[in-house]
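The data block below is work_3.tsv; it holds TSV, C-alpha atoms.
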chain	number	residue	atom	x	y	z
A	158	THR	CA	-1.62	-16.69	28.09
A	159	ILE	CA	-3.68	-15.79	31.17
A	160	GLY	CA	-5.28	-12.91	29.26
A	161	GLY	CA	-6.16	-15.15	26.33
A	162	ILE	CA	-7.73	-17.79	28.56
A	163	GLY	CA	-9.62	-15.02	30.36
A	164	GLU	CA	-11.06	-13.84	27.04
A	165	TRP	CA	-11.95	-17.44	26.21
A	166	ALA	CA	-13.94	-17.66	29.45
A	167	ALA	CA	-15.63	-14.26	29.02
A	168	ARG	CA	-16.65	-14.45	25.34
A	169	PRO	CA	-18.83	-17.48	24.61
A	170	GLY	CA	-19.98	-16.01	21.29
A	171	LYS	CA	-16.41	-15.82	20.03
A	172	ARG	CA	-15.76	-19.36	21.26
A	173	ARG	CA	-18.76	-20.63	19.30
A	174	ALA	CA	-17.74	-18.82	16.09
A	175	LEU	CA	-14.22	-20.19	16.32
A	176	ALA	CA	-15.51	-23.69	17.05
A	177	VAL	CA	-17.75	-23.71	13.98
A	178	ASN	CA	-14.97	-22.65	11.62
A	179	LEU	CA	-12.18	-24.68	13.23
A	180	SER	CA	-14.35	-27.80	13.17
A	181	HIS	CA	-14.02	-27.73	9.37
A	182	ALA	CA	-10.22	-27.64	9.71
A	183	LEU	CA	-10.16	-30.51	12.20
A	184	GLY	CA	-12.90	-32.70	10.68
A	185	LEU	CA	-14.73	-32.85	14.01
A	186	PRO	CA	-18.10	-31.58	15.30
A	187	PRO	CA	-17.94	-28.04	16.79
A	188	ASP	CA	-18.64	-29.37	20.30
A	189	ALA	CA	-15.91	-32.05	20.19
A	190	SER	CA	-13.26	-31.89	22.89
A	191	GLY	CA	-10.51	-31.65	20.28
A	192	VAL	CA	-12.12	-28.55	18.80
A	193	ARG	CA	-12.55	-26.97	22.23
A	194	ARG	CA	-8.84	-27.49	22.95
A	195	VAL	CA	-7.80	-25.80	19.69
A	196	VAL	CA	-10.20	-22.90	20.34
A	197	ARG	CA	-8.52	-22.29	23.72
A	198	ARG	CA	-5.07	-22.50	22.15
A	199	GLU	CA	-5.99	-20.05	19.38
A	200	MET	CA	-7.35	-17.50	21.87
A	201	ALA	CA	-4.15	-17.81	23.91
A	202	ASN	CA	-2.14	-17.43	20.69
A	203	GLU	CA	-4.15	-14.33	19.87
A	204	ALA	CA	-3.12	-12.77	23.18
A	205	HIS	CA	0.54	-13.49	22.38
A	206	ARG	CA	0.07	-11.92	18.92
A	207	SER	CA	-1.41	-8.83	20.52
A	208	ALA	CA	1.60	-8.46	22.82
A	209	ASP	CA	4.00	-8.83	19.89
A	210	LEU	CA	1.94	-6.38	17.87
A	211	LEU	CA	2.52	-3.67	20.48
A	212	TRP	CA	6.25	-4.43	20.34
A	213	ALA	CA	6.31	-4.38	16.52
A	214	LEU	CA	4.47	-1.06	16.42
A	215	GLY	CA	6.82	0.57	18.90
A	216	ARG	CA	10.02	-0.90	17.43
A	217	GLN	CA	9.31	-1.40	13.76
A	218	GLU	CA	12.97	-1.38	12.72
A	219	GLU	CA	13.81	-4.05	15.28
A	220	PHE	CA	10.89	-6.13	14.07
A	221	LEU	CA	12.02	-5.88	10.44
A	222	ARG	CA	15.54	-6.93	11.46
A	223	THR	CA	14.31	-10.05	13.25
A	224	VAL	CA	11.49	-11.23	10.97
A	225	VAL	CA	12.41	-14.14	8.68
A	226	THR	CA	10.96	-14.21	5.17
A	227	GLU	CA	10.91	-17.41	3.12
A	228	GLY	CA	10.34	-17.04	-0.60
A	229	SER	CA	10.63	-13.26	-0.70
A	230	GLU	CA	12.15	-13.53	-4.17
A	231	ARG	CA	8.83	-14.92	-5.40
A	232	ALA	CA	6.96	-11.80	-4.41
A	233	ARG	CA	9.66	-9.51	-5.78
A	234	GLY	CA	9.77	-11.45	-9.04
A	235	ALA	CA	6.00	-11.20	-9.45
A	236	ALA	CA	6.09	-7.47	-8.70
A	237	GLY	CA	8.96	-7.02	-11.14
A	238	GLU	CA	6.81	-8.14	-14.07
A	239	GLY	CA	5.26	-4.66	-14.07
A	240	ARG	CA	1.61	-5.75	-14.00
A	241	GLY	CA	1.18	-5.19	-10.29
A	242	VAL	CA	0.84	-8.00	-7.76
A	243	ILE	CA	-1.99	-9.18	-5.51
A	244	LEU	CA	-0.81	-10.41	-2.09
A	245	ALA	CA	-3.47	-12.77	-0.75
A	246	GLY	CA	-3.32	-13.86	2.89
A	247	ILE	CA	-5.75	-15.15	5.49
A	248	HIS	CA	-6.45	-14.43	9.17
A	249	HIS	CA	-3.67	-16.78	10.18
A	250	GLY	CA	-0.81	-16.26	12.64
A	251	GLY	CA	0.68	-12.79	12.75
A	252	TRP	CA	-0.94	-11.24	9.67
A	253	GLU	CA	-1.31	-7.93	11.56
A	254	VAL	CA	2.07	-8.16	13.29
A	255	ALA	CA	3.73	-8.39	9.88
A	256	THR	CA	1.95	-5.34	8.46
A	257	ALA	CA	5.24	-3.55	7.77
A	258	VAL	CA	6.76	-6.40	5.74
A	259	PRO	CA	5.14	-5.92	2.28
A	260	ALA	CA	6.21	-2.30	1.79
A	261	ALA	CA	9.74	-3.05	3.04
A	262	LEU	CA	9.98	-6.23	0.97
A	263	LEU	CA	8.70	-5.05	-2.41
A	264	GLY	CA	9.88	-1.47	-2.63
A	265	ILE	CA	6.66	-0.43	-4.41
A	266	PRO	CA	3.49	1.20	-3.06
A	267	VAL	CA	1.22	-1.27	-1.24
A	268	THR	CA	-2.51	-0.73	-0.69
A	269	VAL	CA	-4.45	-2.94	1.71
A	270	ILE	CA	-8.11	-3.69	0.97
A	271	VAL	CA	-10.16	-3.79	4.19
A	272	ALA	CA	-13.79	-3.93	5.33
A	273	ASP	CA	-15.38	-0.52	5.80
A	274	ASP	CA	-16.02	-0.89	9.54
A	275	TRP	CA	-15.04	0.53	12.93
A	276	LEU	CA	-12.04	-1.79	13.35
A	277	ALA	CA	-10.53	-0.71	10.04
A	278	TRP	CA	-11.04	2.95	10.96
A	279	ALA	CA	-9.44	2.42	14.38
A	280	ILE	CA	-6.22	0.96	12.99
A	281	HIS	CA	-5.97	3.13	9.88
A	282	HIS	CA	-3.14	5.18	11.42
A	283	ARG	CA	-1.19	2.00	12.26
A	284	ARG	CA	-1.32	0.80	8.67
A	285	ALA	CA	-0.27	4.24	7.44
A	286	ARG	CA	2.77	4.22	9.75
A	287	ALA	CA	3.75	0.84	8.30
A	288	GLY	CA	3.77	2.30	4.79
A	289	LEU	CA	0.42	0.87	3.70
A	290	ARG	CA	-2.29	2.77	1.90
A	291	VAL	CA	-5.89	1.79	2.62
A	292	MET	CA	-8.75	1.02	0.27
A	293	TYR	CA	-12.17	-0.01	1.58
A	294	ARG	CA	-14.14	-2.84	-0.02
A	295	SER	CA	-17.01	-0.43	-0.59
A	296	GLU	CA	-14.90	1.64	-3.01
A	297	PRO	CA	-15.17	1.17	-6.80
A	298	THR	CA	-13.20	-1.78	-8.16
A	299	ILE	CA	-11.76	0.42	-10.91
A	300	ARG	CA	-9.54	2.14	-8.34
A	301	ALA	CA	-7.90	-1.16	-7.43
A	302	ALA	CA	-7.44	-2.00	-11.11
A	303	ARG	CA	-5.72	1.33	-11.71
A	304	LEU	CA	-3.28	0.69	-8.86
A	305	LEU	CA	-2.32	-2.67	-10.34
A	306	ARG	CA	-1.93	-1.22	-13.81
A	307	ARG	CA	0.54	1.27	-12.33
A	308	GLY	CA	2.62	-1.68	-11.16
A	309	GLU	CA	1.65	-1.37	-7.48
A	310	ALA	CA	0.65	-4.07	-4.98
A	311	LEU	CA	-2.68	-4.89	-3.38
A	312	LEU	CA	-2.83	-6.73	-0.03
A	313	LEU	CA	-6.02	-8.53	1.01
A	314	LEU	CA	-7.33	-11.35	3.20
A	315	GLY	CA	-9.22	-14.04	1.35
A	316	ASP	CA	-11.04	-15.96	4.10
A	317	ASP	CA	-13.58	-13.25	4.99
A	318	GLU	CA	-16.25	-12.23	2.49
A	319	ALA	CA	-17.72	-9.40	4.61
A	320	GLY	CA	-18.37	-6.44	2.34
A	321	SER	CA	-17.81	-8.53	-0.79
A	322	GLU	CA	-21.46	-8.86	-1.87
A	323	GLY	CA	-21.74	-9.68	-5.56
A	324	ARG	CA	-18.10	-10.78	-5.89
A	325	SER	CA	-18.16	-14.00	-3.86
A	326	ARG	CA	-17.97	-17.60	-5.05
A	327	VAL	CA	-18.56	-21.04	-3.60
A	328	VAL	CA	-15.39	-23.15	-3.46
A	329	ARG	CA	-14.15	-26.29	-1.76
A	330	PHE	CA	-12.59	-25.12	1.49
A	331	LEU	CA	-11.20	-27.36	4.23
A	332	ASP	CA	-13.68	-30.24	4.65
A	333	GLY	CA	-16.67	-28.56	2.98
A	334	ARG	CA	-17.74	-25.73	0.72
A	335	ALA	CA	-17.74	-22.08	1.67
A	336	VAL	CA	-18.46	-18.68	0.18
A	337	LEU	CA	-15.19	-16.76	-0.26
A	338	PRO	CA	-14.60	-13.36	-1.86
A	339	GLY	CA	-13.82	-13.52	-5.57
A	340	GLY	CA	-12.75	-9.92	-6.09
A	341	ALA	CA	-9.04	-10.78	-6.14
A	342	VAL	CA	-9.34	-13.21	-9.05
A	343	SER	CA	-11.62	-10.81	-10.94
A	344	LEU	CA	-8.98	-8.10	-10.59
A	345	ALA	CA	-6.27	-10.52	-11.66
A	346	ARG	CA	-8.19	-11.44	-14.82
A	347	LEU	CA	-8.90	-7.78	-15.58
A	348	THR	CA	-5.30	-6.60	-15.15
A	349	GLY	CA	-3.12	-9.68	-15.64
A	350	ALA	CA	-1.61	-9.25	-12.15
A	351	PRO	CA	-0.31	-12.48	-10.56
A	352	ILE	CA	-1.58	-13.54	-7.13
A	353	VAL	CA	0.91	-14.41	-4.39
A	354	CYS	CA	-0.30	-16.25	-1.27
A	355	PHE	CA	1.51	-15.82	2.04
A	356	HIS	CA	1.09	-16.71	5.70
A	357	VAL	CA	2.79	-15.61	8.92
A	358	LEU	CA	3.75	-17.90	11.82
A	359	PRO	CA	5.57	-17.39	15.14
A	360	ASP	CA	9.05	-18.81	15.68
A	361	GLY	CA	8.96	-17.77	19.35
A	362	PRO	CA	8.40	-14.62	21.44
A	363	ARG	CA	9.02	-11.60	19.18
A	364	ARG	CA	10.11	-13.90	16.38
A	365	TRP	CA	7.99	-14.20	13.23
A	366	ARG	CA	8.33	-15.96	9.91
A	367	VAL	CA	6.60	-14.89	6.68
A	368	VAL	CA	6.22	-17.67	4.12
A	369	VAL	CA	5.60	-16.60	0.51
A	370	ASP	CA	4.26	-19.08	-2.05
A	371	ASP	CA	4.87	-19.33	-5.79
A	372	PRO	CA	2.78	-16.82	-7.78
A	373	VAL	CA	-0.54	-18.02	-9.19
A	374	PRO	CA	-0.91	-16.66	-12.74
A	375	ALA	CA	-3.97	-14.56	-13.47
A	376	PRO	CA	-6.72	-16.29	-15.47
A	377	ALA	CA	-6.83	-15.21	-19.09
A	378	ARG	CA	-9.55	-12.75	-19.97
A	379	ALA	CA	-11.01	-15.21	-22.46
A	380	GLU	CA	-11.54	-17.79	-19.67
A	381	GLY	CA	-14.29	-15.70	-18.12
A	382	GLU	CA	-15.98	-16.93	-14.96
A	383	PRO	CA	-14.68	-20.52	-15.24
A	384	GLY	CA	-11.14	-19.16	-15.16
A	385	GLU	CA	-11.87	-17.08	-12.09
A	386	GLN	CA	-13.46	-20.09	-10.37
A	387	ARG	CA	-10.40	-22.23	-11.17
A	388	VAL	CA	-7.94	-19.71	-9.73
A	389	LEU	CA	-10.01	-19.03	-6.60
A	390	GLN	CA	-10.18	-22.78	-6.00
A	391	ALA	CA	-6.38	-22.97	-6.27
A	392	LEU	CA	-6.10	-20.24	-3.61
A	393	ALA	CA	-8.64	-21.96	-1.35
A	394	ASP	CA	-6.71	-25.24	-1.67
A	395	ARG	CA	-3.50	-23.51	-0.53
A	396	TRP	CA	-5.23	-21.76	2.36
A	397	SER	CA	-6.80	-25.07	3.43
A	398	GLU	CA	-3.36	-26.69	3.46
A	399	VAL	CA	-1.92	-23.95	5.68
A	400	ILE	CA	-4.86	-23.97	8.10
A	401	ARG	CA	-4.84	-27.77	8.47
A	402	ALA	CA	-1.12	-27.69	9.23
A	403	HIS	CA	-1.50	-24.97	11.90
A	404	PRO	CA	-5.17	-24.82	13.02
A	405	ALA	CA	-4.41	-23.21	16.39
A	406	HIS	CA	-3.17	-20.09	14.58
A	407	TRP	CA	-6.31	-19.53	12.47
A	408	ALA	CA	-8.15	-16.52	13.96
A	409	ALA	CA	-11.43	-17.57	12.38
A	410	SER	CA	-13.86	-15.80	14.71
A	411	HIS	CA	-15.41	-14.00	11.72
A	412	ARG	CA	-18.51	-15.40	10.03
A	413	ILE	CA	-17.89	-17.79	7.16
A	414	ARG	CA	-20.85	-18.94	5.09
A	415	TRP	CA	-20.53	-22.71	4.93
A	416	VAL	CA	-22.69	-24.13	2.16
A	417	ALA	CA	-24.74	-27.32	2.34
A	418	PRO	CA	-24.10	-29.80	-0.52
A	419	TRP	CA	-27.53	-29.24	-2.10
A	420	GLU	CA	-26.98	-25.46	-2.05
A	421	ALA	CA	-23.67	-25.87	-3.89
A	422	GLY	CA	-25.33	-27.96	-6.60
A	423	ASP	CA	-23.65	-31.22	-5.62

Show this structure as structure tokens.
Amino acid sequence: TIGGIGEWAARPGKRRALAVNLSHALGLPPDASGVRRVVRREMANEAHRSADLLWALGRQEEFLRTVVTEGSERARGAAGEGRGVILAGIHHGGWEVATAVPAALLGIPVTVIVADDWLAWAIHHRRARAGLRVMYRSEPTIRAARLLRRGEALLLLGDDEAGSEGRSRVVRFLDGRAVLPGGAVSLARLTGAPIVCFHVLPDGPRRWRVVVDDPVPAPARAEGEPGEQRVLQALADRWSEVIRAHPAHWAASHRIRWVAPWEAGD
């Protein structure tokens, strides 16, 4: 907690980025006292996540024994259809702490799609130890489609469009409209793979809970772009629900492009 508050004091740029994004979850201006309180809580929560991450990396078997998974049968059922499965999360709670869960849960190869940047390179070895393969957003989409057609799983985070140029869409998100990556729904329409949302929350020190939602069916090929827009909106609605329920666990220090009403065509 002390470390998280220290980072809060030392990194005004991160505070501002969090405040802008969290203000949309709280329905308050970024400089409101309620937003500032949640920003401090999230940065303290991030420090706790980091401590648990070190524990989970060093004692992966112990972590897998203690983690609680709700709705795991939904992910396994979607994977069992043989069309692959897209696991769509957000930067919420212990998404990195729970890195080892998908491979252990599904029993099929899992590839995580990440931004092609220094942070992804730095933790590549950690993902590999957890049984995850890595694909960068800059790689051809056809590779991801081939993985799904082989019945494998793709893991991605849907609240950060960095590196998703050309595959992003404007959707209703929290209290406004935002540009979110649309690559997941395009892949789903191309391959027929269902999309399964999940989020990860703490139950206490070294205690984590993974919550898996009902699968979202892929849009039919014939639906085209309207079908992709419909499915991405369904995902954004679910993510908004999770964030509003637990705003102090949304690590939204990345840039989100919030769209003014006239830009969205309203």

Review point. What is the distance, in Å and to one decimal place, between CA of Trp252 (chain A) and CA of Phe355 (chain A)?
Key: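 CA of Trp252 (chain A) sits 9.2 Å away from CA of Phe355 (chain A).
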
Exercise for review: Excluding region 235-243 of chain A and any residue of its chain fewer than 5 positions from it, enumerate the residues within 7 Å of it, using only C-alpha atoms, and give them as a list in words.
Suggested key: Leu305, Arg306, Arg307, Gly308, Glu309, Ala310, Leu311, Leu312, Gly349, Ala350, Pro351, Ile352, Val353 and Pro372 of chain A

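Closest to Thr268 (chain A) among A:Leu304, A:Ala189, A:Ile299, A:Leu389 is A:Leu304, based on only C-alpha atoms.
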
Report as CSV the residues of region 318-389 of chain A within 10 Å of region 255-265 of chain A, each with its shortest atom pair and distance in Å (one decimal), using only C-alpha atoms, ordered by chain and increasing residue number.
residue,atom,partner,partner_atom,distance
A:His356,CA,A:Ala255,CA,9.7
A:Val357,CA,A:Ala255,CA,7.3
A:Leu358,CA,A:Ala255,CA,9.7
A:Trp365,CA,A:Ala255,CA,7.9
A:Arg366,CA,A:Ala255,CA,8.9
A:Val367,CA,A:Ala255,CA,7.8

Preceding selection exported with C-alpha atoms as a compact mmCIF listing (two decimals), keeping the file's coordinate frame:
# COMPACT_ATOMS: atom_id res chain seq x y z
CA HIS A 356 1.09 -16.71 5.70
CA VAL A 357 2.79 -15.61 8.92
CA LEU A 358 3.75 -17.90 11.82
CA TRP A 365 7.99 -14.20 13.23
CA ARG A 366 8.33 -15.96 9.91
CA VAL A 367 6.60 -14.89 6.68

Practice item. Would you mind telling me which residue in A:Ala405, A:Ser325, A:Phe330, A:Val254 lies nearest to Trp212 (chain A) when using all atoms listed in the file? Key: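 Comparing A:Ala405, A:Ser325, A:Phe330, A:Val254 against Trp212 (chain A), the winner is A:Val254.
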
Practice item. Point out the residue among A:Thr348, A:Ser207, A:Ser190, A:Ser343 with the least atom-to-atom distance to Gly250 (chain A), counting all atoms listed in the file. Key: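 Answer, going by the shortest atom-to-atom distance: A:Ser207.
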
Exercise for review: Write out as a list in words which residues come within 9 Å of Asp370 (chain A) when counting all atoms listed in the file, dropping same-chain ones fewer than 3 positions away.
Suggested key: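 Listing them by chain and then by number gives Glu227, Gly228, Ser229, Arg231, Ala232, Val353, Cys354, Phe355, His356 and Val373 of chain A.
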
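Within the 6 Å cut-off around region 166-182 of chain A, using only C-alpha atoms and omitting residues fewer than 6 positions from it on the same chain, the listed residues are Leu331, Asp332, Arg401, Ala409 and Ser410 of chain A.
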
Review point. Just how far from CA of Glu382 (chain A) is CA of Tyr293 (chain A), in Å to one decimal?
Key: 24.0 Å

**Study point:** Selection: 6 Å around region 344-347 of chain A, all atoms listed in the file, excl. self and same-chain fewer than 4 positions, as a VMD selection string
**Key:** chain A and resid 375 to 378

Check your understanding: For Met200 (chain A), which of A:Val388, A:Ile400, A:Ile159, A:Leu244 is the closest residue, counting only C-alpha atoms?
Key ->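 Under the stated criterion, the closest residue is A:Ile159.
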
**Study point:** Atom pair CA of Ala417 (chain A) / CA of Arg395 (chain A): separation (Å)
**Key:** 21.8 Å

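Shortest atom-to-atom contact with Trp396 (chain A) among A:Pro359, A:Gly339, A:Gly333, A:Gly315: A:Gly315, counting all atoms listed in the file.
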
Selection near Val269 (chain A), 8 Å with all atoms listed in the file, sequence-local residues under 4 positions removed, as a PDB file with C-alpha atoms, keeping the file's coordinate frame:
ATOM      1  CA  LEU A 289       0.420   0.870   3.700  1.00  0.00           C
ATOM      2  CA  ARG A 290      -2.290   2.770   1.900  1.00  0.00           C
ATOM      3  CA  VAL A 291      -5.890   1.790   2.620  1.00  0.00           C
ATOM      4  CA  MET A 292      -8.750   1.020   0.270  1.00  0.00           C
ATOM      5  CA  LEU A 311      -2.680  -4.890  -3.380  1.00  0.00           C
ATOM      6  CA  LEU A 312      -2.830  -6.730  -0.030  1.00  0.00           C
ATOM      7  CA  LEU A 313      -6.020  -8.530   1.010  1.00  0.00           C
TER       8      LEU A 313
END
